[in-house]
>>> print(open('final03.txt').read())   # compact mmCIF, C-alpha atoms (C1' of nucleotides)
# COMPACT_ATOMS: atom_id res chain seq x y z
CA MET A 1190 36.26 -30.68 31.92
CA ARG A 1191 37.30 -28.22 29.24
CA HIS A 1192 41.01 -29.00 29.31
CA MET A 1193 42.52 -32.28 30.34
CA SER A 1194 46.01 -33.35 31.28
CA ILE A 1195 47.37 -36.53 29.78
CA GLY A 1196 46.58 -38.24 33.08
CA ASP A 1197 42.94 -37.15 32.91
CA LEU A 1198 42.65 -38.42 29.35
CA SER A 1199 44.29 -41.65 30.42
CA ARG A 1200 41.80 -42.19 33.25
CA LEU A 1201 38.85 -41.36 31.00
CA THR A 1202 39.85 -43.68 28.19
CA GLY A 1203 41.86 -46.37 29.95
CA VAL A 1204 44.82 -45.71 27.62
CA LYS A 1205 48.19 -45.27 29.34
CA PRO A 1206 49.95 -41.90 29.10
CA THR A 1207 52.93 -43.51 27.37
CA THR A 1208 50.62 -44.98 24.76
CA ILE A 1209 48.86 -41.65 24.26
CA ARG A 1210 52.21 -39.97 23.65
CA TRP A 1211 53.10 -42.76 21.26
CA TYR A 1212 49.83 -42.25 19.33
CA GLU A 1213 50.74 -38.59 19.01
CA ALA A 1214 54.31 -39.30 17.88
CA GLU A 1215 53.02 -41.71 15.23
CA GLY A 1216 50.36 -39.33 13.99
CA TRP A 1217 47.29 -41.12 15.33
CA LEU A 1218 46.39 -38.19 17.56
CA PRO A 1219 47.00 -34.53 16.65
CA PRO A 1220 49.46 -32.71 18.91
CA PRO A 1221 47.48 -31.02 21.68
CA ALA A 1222 47.94 -27.52 23.12
CA ARG A 1223 50.54 -27.13 25.83
CA THR A 1224 50.53 -25.38 29.20
CA GLU A 1225 53.21 -22.76 29.85
CA GLY A 1226 55.30 -25.44 31.49
CA GLY A 1227 55.02 -27.70 28.46
CA HIS A 1228 52.41 -30.18 29.70
CA ARG A 1229 49.91 -31.50 27.15
CA SER A 1230 46.39 -30.08 27.37
CA TYR A 1231 43.59 -31.98 25.63
CA GLY A 1232 40.03 -31.07 24.59
CA GLU A 1233 36.88 -33.00 23.71
CA ALA A 1234 38.01 -33.74 20.15
CA HIS A 1235 41.05 -35.60 21.44
CA LEU A 1236 38.88 -37.56 23.86
CA ARG A 1237 36.58 -38.63 21.04
CA ARG A 1238 39.37 -39.60 18.68
CA LEU A 1239 41.26 -41.54 21.32
CA GLY A 1240 38.04 -43.27 22.34
CA PHE A 1241 37.45 -44.30 18.74
CA ILE A 1242 40.96 -45.70 18.47
CA ARG A 1243 40.73 -47.56 21.77
CA HIS A 1244 37.35 -49.06 21.01
CA SER A 1245 38.54 -50.18 17.59
CA ARG A 1246 41.66 -51.74 19.07
CA GLU A 1247 39.52 -53.56 21.63
CA LEU A 1248 37.55 -55.04 18.76
CA GLY A 1249 40.79 -56.35 17.34
CA PHE A 1250 41.23 -53.99 14.39
CA SER A 1251 44.78 -53.35 13.25
CA MET A 1252 46.11 -49.82 13.12
CA ALA A 1253 45.87 -50.01 9.32
CA ASP A 1254 42.15 -50.78 9.63
CA ILE A 1255 41.77 -47.97 12.12
CA ARG A 1256 43.44 -45.57 9.73
CA ALA A 1257 40.78 -46.45 7.15
CA LEU A 1258 37.95 -46.24 9.67
CA LEU A 1259 39.13 -42.86 10.96
CA ASP A 1260 39.36 -41.57 7.41
CA LEU A 1261 35.80 -42.71 6.85
CA ALA A 1262 34.58 -41.16 10.08
CA ASP A 1263 36.04 -37.86 8.90
CA ARG A 1264 34.00 -37.91 5.68
CA PRO A 1265 30.38 -38.48 6.79
CA ARG A 1266 28.95 -38.00 3.28
CA ASP A 1267 30.78 -40.96 1.82
CA ASP A 1268 29.18 -44.32 1.33
CA CYS A 1269 29.75 -46.58 4.30
CA SER A 1270 30.22 -49.82 2.40
CA ALA A 1271 33.98 -49.60 3.00
CA ALA A 1272 33.32 -49.65 6.75
CA HIS A 1273 31.09 -52.64 6.23
CA ALA A 1274 33.82 -54.46 4.34
CA ILE A 1275 36.43 -53.79 7.02
CA ALA A 1276 34.12 -54.99 9.78
CA THR A 1277 33.08 -58.09 7.87
CA ALA A 1278 36.69 -59.01 7.15
CA GLN A 1279 37.37 -58.68 10.84
CA ILE A 1280 34.56 -61.09 11.66
CA VAL A 1281 35.91 -63.60 9.17
CA GLU A 1282 39.33 -63.35 10.74
CA ILE A 1283 37.98 -63.72 14.25
CA ASP A 1284 36.07 -66.82 13.15
CA ALA A 1285 39.29 -68.31 11.85
CA ARG A 1286 41.06 -67.57 15.12
CA LEU A 1287 38.18 -69.05 17.08
CA ARG A 1288 38.34 -72.27 15.12
CA ARG A 1289 42.08 -72.46 15.55
CA LEU A 1290 41.88 -71.82 19.29
CA GLN A 1291 39.16 -74.42 19.68
CA ALA A 1292 41.31 -76.98 17.88
CA LEU A 1293 44.27 -76.13 20.12
CA ARG A 1294 42.07 -76.39 23.17
CA SER A 1295 40.90 -79.85 22.35
CA GLU A 1296 44.39 -81.08 21.61
CA LEU A 1297 45.60 -79.65 24.91
CA GLU A 1298 42.67 -81.27 26.67
CA ARG A 1299 43.35 -84.67 25.13
CA MET A 1300 46.99 -84.25 26.03
CA THR A 1301 46.43 -83.46 29.71
CA GLN A 1302 43.73 -86.10 30.11
CA GLY A 1303 46.07 -88.74 28.71
CA CYS A 1304 48.55 -87.95 31.48
CA GLU A 1305 47.94 -89.78 34.73
CA GLY A 1306 50.82 -88.39 36.75
CA GLY A 1307 54.01 -90.22 37.51
CA HIS A 1308 57.36 -89.69 35.86
CA VAL A 1309 58.15 -87.48 32.91
CA GLY A 1310 59.42 -90.56 31.12
CA GLU A 1311 55.85 -91.82 30.72
CA CYS A 1312 54.10 -88.44 30.61
CA ARG A 1313 51.63 -88.17 27.76
CA ILE A 1314 52.03 -84.39 27.65
CA ILE A 1315 55.76 -84.50 26.98
CA GLU A 1316 55.25 -87.42 24.63
CA THR A 1317 52.62 -85.59 22.64
CA LEU A 1318 54.74 -82.49 22.34
CA ALA A 1319 57.67 -84.57 21.17
CA ASP A 1320 55.47 -86.17 18.55
CA PHE A 1321 56.75 -84.02 15.79
CA ALA A 1322 54.96 -85.81 12.96
CA HIS A 1323 51.63 -85.05 14.56
CA GLY A 1324 52.55 -81.43 14.99
CA HIS A 1325 53.66 -81.16 11.41
CA CYS A 1326 50.49 -82.64 9.96
CA ALA A 1327 48.26 -80.56 12.22
CA ASP A 1328 49.64 -77.57 10.34
CA PRO A 1329 46.73 -75.65 8.80
CA ALA A 1330 48.76 -75.53 5.55
CA HIS A 1331 48.31 -79.31 5.33
CA GLY A 1332 44.56 -79.50 5.54
CA MET B 1472 68.92 -89.43 6.47
CA ARG B 1473 71.87 -89.39 8.80
CA HIS B 1474 72.90 -85.79 8.22
CA MET B 1475 70.61 -83.03 7.16
CA SER B 1476 71.18 -79.57 5.77
CA ILE B 1477 69.19 -76.68 7.23
CA GLY B 1478 66.92 -76.92 4.19
CA ASP B 1479 66.21 -80.62 4.83
CA LEU B 1480 65.40 -79.87 8.46
CA SER B 1481 63.20 -77.01 7.35
CA ARG B 1482 61.20 -79.23 4.96
CA LEU B 1483 60.85 -81.98 7.58
CA THR B 1484 59.60 -79.70 10.34
CA GLY B 1485 57.96 -76.86 8.46
CA VAL B 1486 60.20 -74.34 10.26
CA LYS B 1487 61.94 -71.80 8.03
CA PRO B 1488 65.74 -71.82 7.79
CA THR B 1489 65.91 -68.28 9.14
CA THR B 1490 63.88 -69.33 12.14
CA ILE B 1491 66.07 -72.39 12.73
CA ARG B 1492 69.15 -70.19 12.70
CA TRP B 1493 67.41 -67.84 15.10
CA TYR B 1494 66.60 -70.71 17.47
CA GLU B 1495 70.27 -71.63 17.44
CA ALA B 1496 71.41 -68.05 18.04
CA GLU B 1497 69.03 -67.75 21.00
CA GLY B 1498 70.06 -71.08 22.49
CA TRP B 1499 66.89 -73.06 21.75
CA LEU B 1500 68.79 -75.47 19.51
CA PRO B 1501 72.39 -76.58 20.10
CA PRO B 1502 74.87 -75.55 17.40
CA PRO B 1503 75.11 -78.39 14.88
CA ALA B 1504 78.20 -79.80 13.23
CA ARG B 1505 79.44 -78.01 10.11
CA THR B 1506 80.56 -79.23 6.72
CA GLU B 1507 84.04 -78.25 5.54
CA GLY B 1508 82.50 -75.32 3.74
CA GLY B 1509 80.71 -74.11 6.89
CA HIS B 1510 77.19 -75.34 6.18
CA ARG B 1511 75.15 -76.62 9.16
CA SER B 1512 74.71 -80.39 9.39
CA TYR B 1513 71.96 -81.73 11.64
CA GLY B 1514 71.21 -85.15 13.16
CA GLU B 1515 68.16 -86.90 14.61
CA ALA B 1516 68.46 -85.17 17.97
CA HIS B 1517 68.10 -81.78 16.33
CA LEU B 1518 65.09 -83.00 14.41
CA ARG B 1519 63.41 -84.20 17.60
CA ARG B 1520 64.14 -81.05 19.55
CA LEU B 1521 62.99 -78.76 16.76
CA GLY B 1522 59.82 -80.85 16.35
CA PHE B 1523 59.11 -80.50 20.05
CA ILE B 1524 59.55 -76.74 19.89
CA ARG B 1525 57.41 -76.39 16.80
CA HIS B 1526 54.59 -78.51 18.12
CA SER B 1527 54.59 -76.61 21.40
CA ARG B 1528 54.50 -73.28 19.58
CA GLU B 1529 51.58 -74.52 17.50
CA LEU B 1530 49.75 -75.27 20.72
CA GLY B 1531 50.28 -71.67 21.75
CA PHE B 1532 52.94 -72.12 24.41
CA SER B 1533 55.30 -69.21 24.98
CA MET B 1534 59.03 -69.74 24.63
CA ALA B 1535 59.27 -69.48 28.43
CA ASP B 1536 56.81 -72.38 28.76
CA ILE B 1537 58.77 -74.31 26.17
CA ARG B 1538 61.98 -73.76 28.10
CA ALA B 1539 60.31 -75.40 31.12
CA LEU B 1540 58.85 -78.24 29.04
CA LEU B 1541 62.19 -78.95 27.37
CA ASP B 1542 63.89 -79.01 30.76
CA LEU B 1543 61.30 -81.53 31.91
CA ALA B 1544 61.69 -83.65 28.80
CA ASP B 1545 65.40 -83.81 29.54
CA ARG B 1546 64.83 -85.27 33.03
CA PRO B 1547 62.52 -88.29 32.50
CA ARG B 1548 62.74 -89.44 36.14
CA ASP B 1549 61.18 -86.27 37.50
CA ASP B 1550 57.56 -86.04 38.46
CA CYS B 1551 55.47 -84.75 35.58
CA SER B 1552 53.09 -82.60 37.62
CA ALA B 1553 54.96 -79.49 36.45
CA ALA B 1554 54.13 -80.39 32.85
CA HIS B 1555 50.54 -80.86 33.89
CA ALA B 1556 50.47 -77.43 35.50
CA ILE B 1557 51.92 -75.72 32.43
CA ALA B 1558 49.43 -77.42 30.11
CA THR B 1559 46.49 -76.67 32.38
CA ALA B 1560 47.48 -73.01 32.64
CA GLN B 1561 47.58 -72.92 28.86
CA ILE B 1562 44.04 -74.30 28.65
CA VAL B 1563 42.84 -71.68 31.12
CA GLU B 1564 44.44 -68.96 29.05
CA ILE B 1565 42.98 -70.28 25.81
CA ASP B 1566 39.55 -70.35 27.43
CA ALA B 1567 39.95 -66.72 28.38
CA ARG B 1568 40.96 -65.81 24.84
CA LEU B 1569 38.04 -67.79 23.43
CA ARG B 1570 35.58 -65.94 25.64
CA ARG B 1571 37.10 -62.61 24.69
CA LEU B 1572 37.05 -63.41 20.97
CA GLN B 1573 33.45 -64.56 21.20
CA ALA B 1574 32.48 -61.31 22.90
CA LEU B 1575 34.27 -59.34 20.20
CA ARG B 1576 32.61 -61.37 17.53
CA SER B 1577 29.14 -60.65 18.80
CA GLU B 1578 29.83 -56.96 19.17
CA LEU B 1579 31.14 -56.86 15.61
CA GLU B 1580 28.10 -58.77 14.44
CA ARG B 1581 25.68 -56.42 16.19
CA MET B 1582 27.62 -53.52 14.76
CA THR B 1583 27.50 -54.66 11.15
CA GLN B 1584 23.90 -55.78 11.35
CA GLY B 1585 22.89 -52.36 12.67
CA CYS B 1586 24.33 -50.80 9.54
CA GLU B 1587 21.98 -50.69 6.59
CA GLY B 1588 24.25 -48.98 4.10
CA GLY B 1589 24.03 -45.37 3.11
CA HIS B 1590 26.26 -42.55 4.27
CA VAL B 1591 28.99 -42.73 6.86
CA GLY B 1592 27.14 -40.01 8.76
CA GLU B 1593 24.45 -42.51 9.74
CA CYS B 1594 26.62 -45.63 9.74
CA ARG B 1595 26.12 -47.72 12.85
CA ILE B 1596 29.61 -49.16 12.51
CA ILE B 1597 31.35 -45.82 12.71
CA GLU B 1598 28.91 -44.70 15.38
CA THR B 1599 29.59 -47.74 17.52
CA LEU B 1600 33.33 -47.32 17.22
CA ALA B 1601 33.05 -43.68 18.19
CA ASP B 1602 31.00 -44.64 21.23
CA PHE B 1603 33.91 -44.36 23.58
CA ALA B 1604 31.94 -44.93 26.79
CA HIS B 1605 30.81 -48.29 25.54
CA GLY B 1606 34.32 -49.30 24.63
CA HIS B 1607 35.63 -48.21 27.98
CA CYS B 1608 33.11 -50.18 29.99
CA ALA B 1609 33.61 -53.30 27.89
CA ASP B 1610 37.14 -53.35 29.27
CA PRO B 1611 37.69 -56.65 31.11
CA ALA B 1612 39.28 -54.63 33.92
CA HIS B 1613 35.84 -53.11 34.56
CA GLY B 1614 33.83 -56.27 34.91
C1' DG C 869 86.51 -79.53 -15.65
C1' DA C 870 83.69 -75.45 -16.28
C1' DT C 871 79.56 -73.14 -15.27
C1' DA C 872 75.01 -71.89 -13.72
C1' DG C 873 72.08 -71.23 -10.21
C1' DG C 874 70.16 -72.53 -6.14
C1' DA C 875 71.12 -73.24 -1.18
C1' DC C 876 73.80 -71.73 2.12
C1' DT C 877 76.60 -68.19 5.13
C1' DT C 878 76.80 -63.82 8.28
C1' DC C 879 75.17 -59.48 9.79
C1' DC C 880 71.84 -56.31 10.65
C1' DA C 881 67.45 -53.80 10.33
C1' DG C 882 62.53 -54.16 10.69
C1' DC C 883 57.89 -55.85 12.03
C1' DC C 884 53.54 -54.52 15.50
C1' DA C 885 51.80 -51.91 19.05
C1' DC C 886 53.33 -50.56 22.49
C1' DT C 887 56.22 -50.46 27.32
C1' DG C 888 59.53 -48.96 30.65
C1' DG C 889 63.54 -46.67 32.47
C1' DA C 890 66.66 -42.68 33.15
C1' DG C 891 67.13 -38.18 34.22
C1' DG C 892 65.08 -34.01 34.61
C1' DT C 893 60.97 -30.29 35.22
C1' DG C 894 56.05 -28.66 36.42
C1' DC C 895 52.45 -28.17 39.43
C1' DA C 896 49.07 -28.43 43.21
C1' DA C 897 48.04 -29.58 48.12
C1' DG C 898 49.12 -28.70 52.69
C1' DC D 127 57.92 -23.43 50.89
C1' DT D 128 58.18 -27.98 50.68
C1' DT D 129 56.77 -32.40 49.41
C1' DG D 130 55.88 -35.60 46.12
C1' DC D 131 53.41 -37.03 42.30
C1' DA D 132 52.62 -36.02 37.43
C1' DC D 133 54.66 -34.78 33.63
C1' DC D 134 58.49 -34.01 30.08
C1' DT D 135 61.97 -36.10 26.37
C1' DC D 136 64.77 -39.58 24.61
C1' DC D 137 65.89 -44.05 23.76
C1' DA D 138 66.10 -49.03 24.28
C1' DG D 139 63.53 -53.23 24.75
C1' DT D 140 59.54 -56.59 24.21
C1' DG D 141 58.25 -61.45 21.47
C1' DG D 142 59.07 -64.31 17.98
C1' DC D 143 60.46 -64.08 14.32
C1' DT D 144 61.27 -62.14 9.07
C1' DG D 145 63.67 -60.28 5.19
C1' DG D 146 67.38 -58.06 2.67
C1' DA D 147 72.29 -57.46 1.28
C1' DA D 148 76.45 -59.25 0.06
C1' DG D 149 79.09 -62.93 -0.28
C1' DT D 150 80.33 -68.34 -0.36
C1' DC D 151 79.35 -73.35 -1.14
C1' DC D 152 77.44 -77.26 -3.43
C1' DT D 153 75.46 -79.92 -6.99
C1' DA D 154 73.65 -80.89 -11.52
C1' DT D 155 74.39 -80.49 -16.13
C1' DC D 156 77.15 -79.85 -20.17
>>> encode(input="final03.txt", output="structure tokens")
Amino acid sequence: MRHMSIGDLSRLTGVKPTTIRWYEAEGWLPPPARTEGGHRSYGEAHLRRLGFIRHSRELGFSMADIRALLDLADRPRDDCSAAHAIATAQIVEIDARLRRLQALRSELERMTQGCEGGHVGECRIIETLADFAHGHCADPAHG
Amino acid sequence: MRHMSIGDLSRLTGVKPTTIRWYEAEGWLPPPARTEGGHRSYGEAHLRRLGFIRHSRELGFSMADIRALLDLADRPRDDCSAAHAIATAQIVEIDARLRRLQALRSELERMTQGCEGGHVGECRIIETLADFAHGHCADPAHG
DNA sequence: GATAGGACTTCCAGCCACTGGAGGTGCAAG
DNA sequence: CTTGCACCTCCAGTGGCTGGAAGTCCTATC
């Protein structure tokens, strides 16, 4: 597959054509060649770069991180400690999100288990949500 | 505290004044009374409703969910099974996000541990990110 | 009563990373 | 040659806020 349409590239990478065009407009992908009729025509280099971007996004990196990682990938002689730092920071952030989600999960669980059906007036779920003081103090900024 | 300024309400709930004004503009909070000079003046009902919204947001509910929960809270004679369903769906979604984050975390961990420093050319992190096939098949849509 | 300066007001643009629709053109299969 | 999908560009919208500009009000101090 020497030359690919945007649809081909989309199927190969799982990135939607609209998103691919957006990556190009924003400078994440270089503008590809065009057919006589004006359709985009991609090569292997585009496939690799788009794959890199997609995989990085799947791992939760921001576009700013990806910019840095792509820059690194383009300079293979550089030291890779910067890549290490970016990846490690990402792990730290994911750990924080995991902890937060786990805390949310257990509060939700407590909430639903407290509710034994019946009318909204006695529903523990609604009660818990309305318990503003609790919500306020559960704020990570408070502990 | 019979009547509160937007700043008082903000301090009590931890919601920024700009956000409170936005909630009002979007219909999540009813427009409060005004002082002669045009400043917003809130009562207990506003405090309760804003607390409910904030606590729900902290638990990860979307504004659409919150709309439904607020509607329920306003009709205490109704059956609360709808609240139960919304909360349960939220737990299911959080579980999915937890699994996904855990998978990401372990891939990131493998990635960084594979890297032993040195040049970007041999960096496992960059290599892994560039490994588009891997990324593609890790897509939840594919398994 | 004057004044300083913070809290408040409105309006509007921007954030991130896309997504989707409208309205039109290219291209490949049958 | 026709059908009909894929592609093109342009632009507006998503969610849930956030921040800036430019101006007004309120309160504490002198």
>>> residues_around(input="final03.txt", residues="A:Gln1302", least_positions_apart="2", cutoff="12 Å", atoms="only C-alpha atoms (C1' of nucleotides)", output="ChimeraX atom specification")
/A:1295-1300,1304-1306,1312-1314,1317 /B:1555,1558-1559,1562
>>> calpha_fit_and_write(input="final03.txt", fixed="chain A", moving="chain B", output="CSV table (one decimal) with C-alpha atoms, keeping the file's coordinate frame")
chain,number,residue,atom,x,y,z
B,1472,MET,CA,36.2,-30.4,31.6
B,1473,ARG,CA,37.2,-28.0,28.9
B,1474,HIS,CA,41.0,-28.8,29.0
B,1475,MET,CA,42.4,-32.0,30.2
B,1476,SER,CA,45.9,-33.1,31.2
B,1477,ILE,CA,47.3,-36.3,29.7
B,1478,GLY,CA,46.5,-38.0,33.1
B,1479,ASP,CA,42.8,-36.9,32.9
B,1480,LEU,CA,42.6,-38.2,29.3
B,1481,SER,CA,44.2,-41.4,30.5
B,1482,ARG,CA,41.7,-41.9,33.3
B,1483,LEU,CA,38.7,-41.1,31.0
B,1484,THR,CA,39.7,-43.5,28.2
B,1485,GLY,CA,41.7,-46.2,30.1
B,1486,VAL,CA,44.7,-45.6,27.8
B,1487,LYS,CA,48.1,-45.1,29.5
B,1488,PRO,CA,49.8,-41.7,29.2
B,1489,THR,CA,52.8,-43.4,27.6
B,1490,THR,CA,50.5,-44.9,25.0
B,1491,ILE,CA,48.8,-41.6,24.4
B,1492,ARG,CA,52.2,-39.9,23.8
B,1493,TRP,CA,53.1,-42.8,21.5
B,1494,TYR,CA,49.9,-42.3,19.5
B,1495,GLU,CA,50.8,-38.6,19.1
B,1496,ALA,CA,54.3,-39.4,18.0
B,1497,GLU,CA,53.1,-41.9,15.4
B,1498,GLY,CA,50.4,-39.5,14.1
B,1499,TRP,CA,47.3,-41.2,15.4
B,1500,LEU,CA,46.4,-38.2,17.6
B,1501,PRO,CA,47.1,-34.6,16.6
B,1502,PRO,CA,49.5,-32.7,18.8
B,1503,PRO,CA,47.5,-31.0,21.5
B,1504,ALA,CA,48.0,-27.5,22.9
B,1505,ARG,CA,50.5,-27.0,25.6
B,1506,THR,CA,50.5,-25.2,28.9
B,1507,GLU,CA,53.1,-22.5,29.5
B,1508,GLY,CA,55.2,-25.1,31.3
B,1509,GLY,CA,55.0,-27.5,28.3
B,1510,HIS,CA,52.4,-29.9,29.6
B,1511,ARG,CA,49.9,-31.3,27.0
B,1512,SER,CA,46.3,-29.9,27.2
B,1513,TYR,CA,43.6,-31.8,25.5
B,1514,GLY,CA,40.0,-31.0,24.3
B,1515,GLU,CA,36.9,-32.9,23.5
B,1516,ALA,CA,38.0,-33.7,20.0
B,1517,HIS,CA,41.1,-35.6,21.4
B,1518,LEU,CA,38.9,-37.5,23.8
B,1519,ARG,CA,36.6,-38.6,20.9
B,1520,ARG,CA,39.4,-39.6,18.7
B,1521,LEU,CA,41.2,-41.5,21.4
B,1522,GLY,CA,38.0,-43.2,22.4
B,1523,PHE,CA,37.4,-44.3,18.8
B,1524,ILE,CA,41.0,-45.7,18.6
B,1525,ARG,CA,40.7,-47.5,21.9
B,1526,HIS,CA,37.3,-49.1,21.1
B,1527,SER,CA,38.5,-50.2,17.7
B,1528,ARG,CA,41.7,-51.8,19.3
B,1529,GLU,CA,39.5,-53.6,21.8
B,1530,LEU,CA,37.5,-55.1,19.0
B,1531,GLY,CA,40.8,-56.4,17.6
B,1532,PHE,CA,41.3,-54.1,14.6
B,1533,SER,CA,44.8,-53.5,13.5
B,1534,MET,CA,46.2,-49.9,13.4
B,1535,ALA,CA,46.0,-50.1,9.6
B,1536,ASP,CA,42.2,-50.9,9.8
B,1537,ILE,CA,41.8,-48.1,12.3
B,1538,ARG,CA,43.5,-45.7,9.9
B,1539,ALA,CA,40.9,-46.6,7.3
B,1540,LEU,CA,38.0,-46.3,9.8
B,1541,LEU,CA,39.2,-42.9,11.0
B,1542,ASP,CA,39.5,-41.7,7.4
B,1543,LEU,CA,35.9,-42.8,6.9
B,1544,ALA,CA,34.7,-41.2,10.1
B,1545,ASP,CA,36.2,-38.0,8.9
B,1546,ARG,CA,34.1,-38.0,5.6
B,1547,PRO,CA,30.5,-38.6,6.7
B,1548,ARG,CA,29.1,-38.1,3.2
B,1549,ASP,CA,30.9,-41.1,1.8
B,1550,ASP,CA,29.3,-44.5,1.3
B,1551,CYS,CA,29.9,-46.7,4.3
B,1552,SER,CA,30.3,-49.9,2.5
B,1553,ALA,CA,34.1,-49.7,3.1
B,1554,ALA,CA,33.4,-49.7,6.8
B,1555,HIS,CA,31.2,-52.7,6.3
B,1556,ALA,CA,33.9,-54.6,4.5
B,1557,ILE,CA,36.5,-53.9,7.1
B,1558,ALA,CA,34.2,-55.0,9.9
B,1559,THR,CA,33.1,-58.1,8.0
B,1560,ALA,CA,36.8,-59.1,7.3
B,1561,GLN,CA,37.4,-58.7,11.0
B,1562,ILE,CA,34.6,-61.1,11.8
B,1563,VAL,CA,36.0,-63.6,9.3
B,1564,GLU,CA,39.4,-63.4,10.9
B,1565,ILE,CA,38.0,-63.8,14.4
B,1566,ASP,CA,36.1,-66.9,13.3
B,1567,ALA,CA,39.3,-68.3,12.0
B,1568,ARG,CA,41.1,-67.6,15.3
B,1569,LEU,CA,38.2,-69.1,17.2
B,1570,ARG,CA,38.3,-72.3,15.2
B,1571,ARG,CA,42.1,-72.5,15.7
B,1572,LEU,CA,41.9,-71.9,19.4
B,1573,GLN,CA,39.2,-74.5,19.8
B,1574,ALA,CA,41.3,-77.0,18.0
B,1575,LEU,CA,44.3,-76.2,20.2
B,1576,ARG,CA,42.1,-76.5,23.2
B,1577,SER,CA,40.9,-79.9,22.4
B,1578,GLU,CA,44.4,-81.1,21.6
B,1579,LEU,CA,45.6,-79.8,25.0
B,1580,GLU,CA,42.7,-81.4,26.7
B,1581,ARG,CA,43.3,-84.8,25.1
B,1582,MET,CA,47.0,-84.4,26.0
B,1583,THR,CA,46.4,-83.7,29.7
B,1584,GLN,CA,43.8,-86.3,30.1
B,1585,GLY,CA,46.1,-88.9,28.6
B,1586,CYS,CA,48.6,-88.1,31.4
B,1587,GLU,CA,48.0,-90.0,34.6
B,1588,GLY,CA,50.9,-88.7,36.6
B,1589,GLY,CA,54.1,-90.5,37.3
B,1590,HIS,CA,57.4,-90.0,35.6
B,1591,VAL,CA,58.2,-87.8,32.7
B,1592,GLY,CA,59.4,-90.8,30.8
B,1593,GLU,CA,55.8,-92.0,30.4
B,1594,CYS,CA,54.1,-88.7,30.4
B,1595,ARG,CA,51.6,-88.3,27.6
B,1596,ILE,CA,52.0,-84.6,27.6
B,1597,ILE,CA,55.7,-84.7,26.8
B,1598,GLU,CA,55.2,-87.5,24.4
B,1599,THR,CA,52.6,-85.7,22.5
B,1600,LEU,CA,54.7,-82.6,22.2
B,1601,ALA,CA,57.6,-84.6,21.0
B,1602,ASP,CA,55.4,-86.2,18.4
B,1603,PHE,CA,56.7,-84.0,15.6
B,1604,ALA,CA,54.8,-85.7,12.8
B,1605,HIS,CA,51.5,-85.0,14.5
B,1606,GLY,CA,52.4,-81.3,15.0
B,1607,HIS,CA,53.5,-81.0,11.4
B,1608,CYS,CA,50.3,-82.4,9.9
B,1609,ALA,CA,48.1,-80.3,12.2
B,1610,ASP,CA,49.5,-77.3,10.4
B,1611,PRO,CA,46.7,-75.4,8.7
B,1612,ALA,CA,48.8,-75.2,5.6
B,1613,HIS,CA,48.4,-79.0,5.3
B,1614,GLY,CA,44.7,-79.2,5.5
>>> closest_atom_pairs(input="final03.txt", of="chain B", to="chain A", cutoff="7 Å", atoms="all atoms listed in the file", output="Markdown table")
| residue | atom | partner | partner_atom | distance |
| --- | --- | --- | --- | --- |
| B:Thr1484 | CA | A:His1325 | CA | 6.2 |
| B:Gly1485 | CA | A:His1325 | CA | 6.8 |
| B:Arg1519 | CA | A:Ala1319 | CA | 6.8 |
| B:Gly1522 | CA | A:Phe1321 | CA | 4.4 |
| B:Phe1523 | CA | A:Ala1319 | CA | 4.5 |
| B:His1526 | CA | A:Gly1324 | CA | 4.7 |
| B:Ser1527 | CA | A:Leu1318 | CA | 6.0 |
| B:Leu1530 | CA | A:Leu1293 | CA | 5.6 |
| B:Leu1543 | CA | A:Val1309 | CA | 6.8 |
| B:Ala1544 | CA | A:Ile1315 | CA | 6.3 |
| B:Pro1547 | CA | A:Gly1310 | CA | 4.1 |
| B:Arg1548 | CA | A:His1308 | CA | 5.4 |
| B:Asp1549 | CA | A:His1308 | CA | 5.4 |
| B:Asp1550 | CA | A:His1308 | CA | 4.5 |
| B:Cys1551 | CA | A:Val1309 | CA | 4.7 |
| B:Ser1552 | CA | A:Gly1306 | CA | 6.3 |
| B:Ala1554 | CA | A:Ile1314 | CA | 6.9 |
| B:His1555 | CA | A:Thr1301 | CA | 6.4 |
| B:Ala1558 | CA | A:Thr1301 | CA | 6.8 |
| B:Ile1562 | CA | A:Arg1294 | CA | 6.2 |
| B:Ile1565 | CA | A:Arg1294 | CA | 6.7 |
| B:Leu1569 | CA | A:Leu1287 | CA | 6.5 |
| B:Leu1572 | CA | A:Ile1283 | CA | 6.8 |
| B:Leu1575 | CA | A:Leu1248 | CA | 5.6 |
| B:Arg1576 | CA | A:Ile1280 | CA | 6.2 |
| B:Leu1579 | CA | A:Ile1280 | CA | 6.7 |
| B:Thr1583 | CA | A:His1273 | CA | 6.4 |
| B:Gly1588 | CA | A:Cys1269 | CA | 6.0 |
| B:Gly1589 | CA | A:Asp1268 | CA | 5.5 |
| B:His1590 | CA | A:Asp1268 | CA | 4.5 |
| B:Val1591 | CA | A:Pro1265 | CA | 4.5 |
| B:Gly1592 | CA | A:Pro1265 | CA | 4.1 |
| B:Cys1594 | CA | A:Cys1269 | CA | 6.3 |
| B:Ile1596 | CA | A:Ala1272 | CA | 6.9 |
| B:Ile1597 | CA | A:Ala1262 | CA | 6.3 |
| B:Leu1600 | CA | A:Phe1241 | CA | 5.3 |
| B:Ala1601 | CA | A:Phe1241 | CA | 4.5 |
| B:Asp1602 | CA | A:Phe1241 | CA | 6.9 |
| B:Phe1603 | CA | A:Gly1240 | CA | 4.4 |
| B:Gly1606 | CA | A:His1244 | CA | 4.7 |
| B:His1607 | CA | A:Thr1202 | CA | 6.2 |
>>> atom_distance(input="final03.txt", atom1="atom CA of A:Pro1221", atom2="atom C1' of C:DT893")
19.1 Å
>>> interface_residues(input="final03.txt", of="chain B", to="chain C", cutoff="9 Å", atoms="only C-alpha atoms (C1' of nucleotides)", output="ChimeraX atom specification")
/B:1477-1478,1509-1511
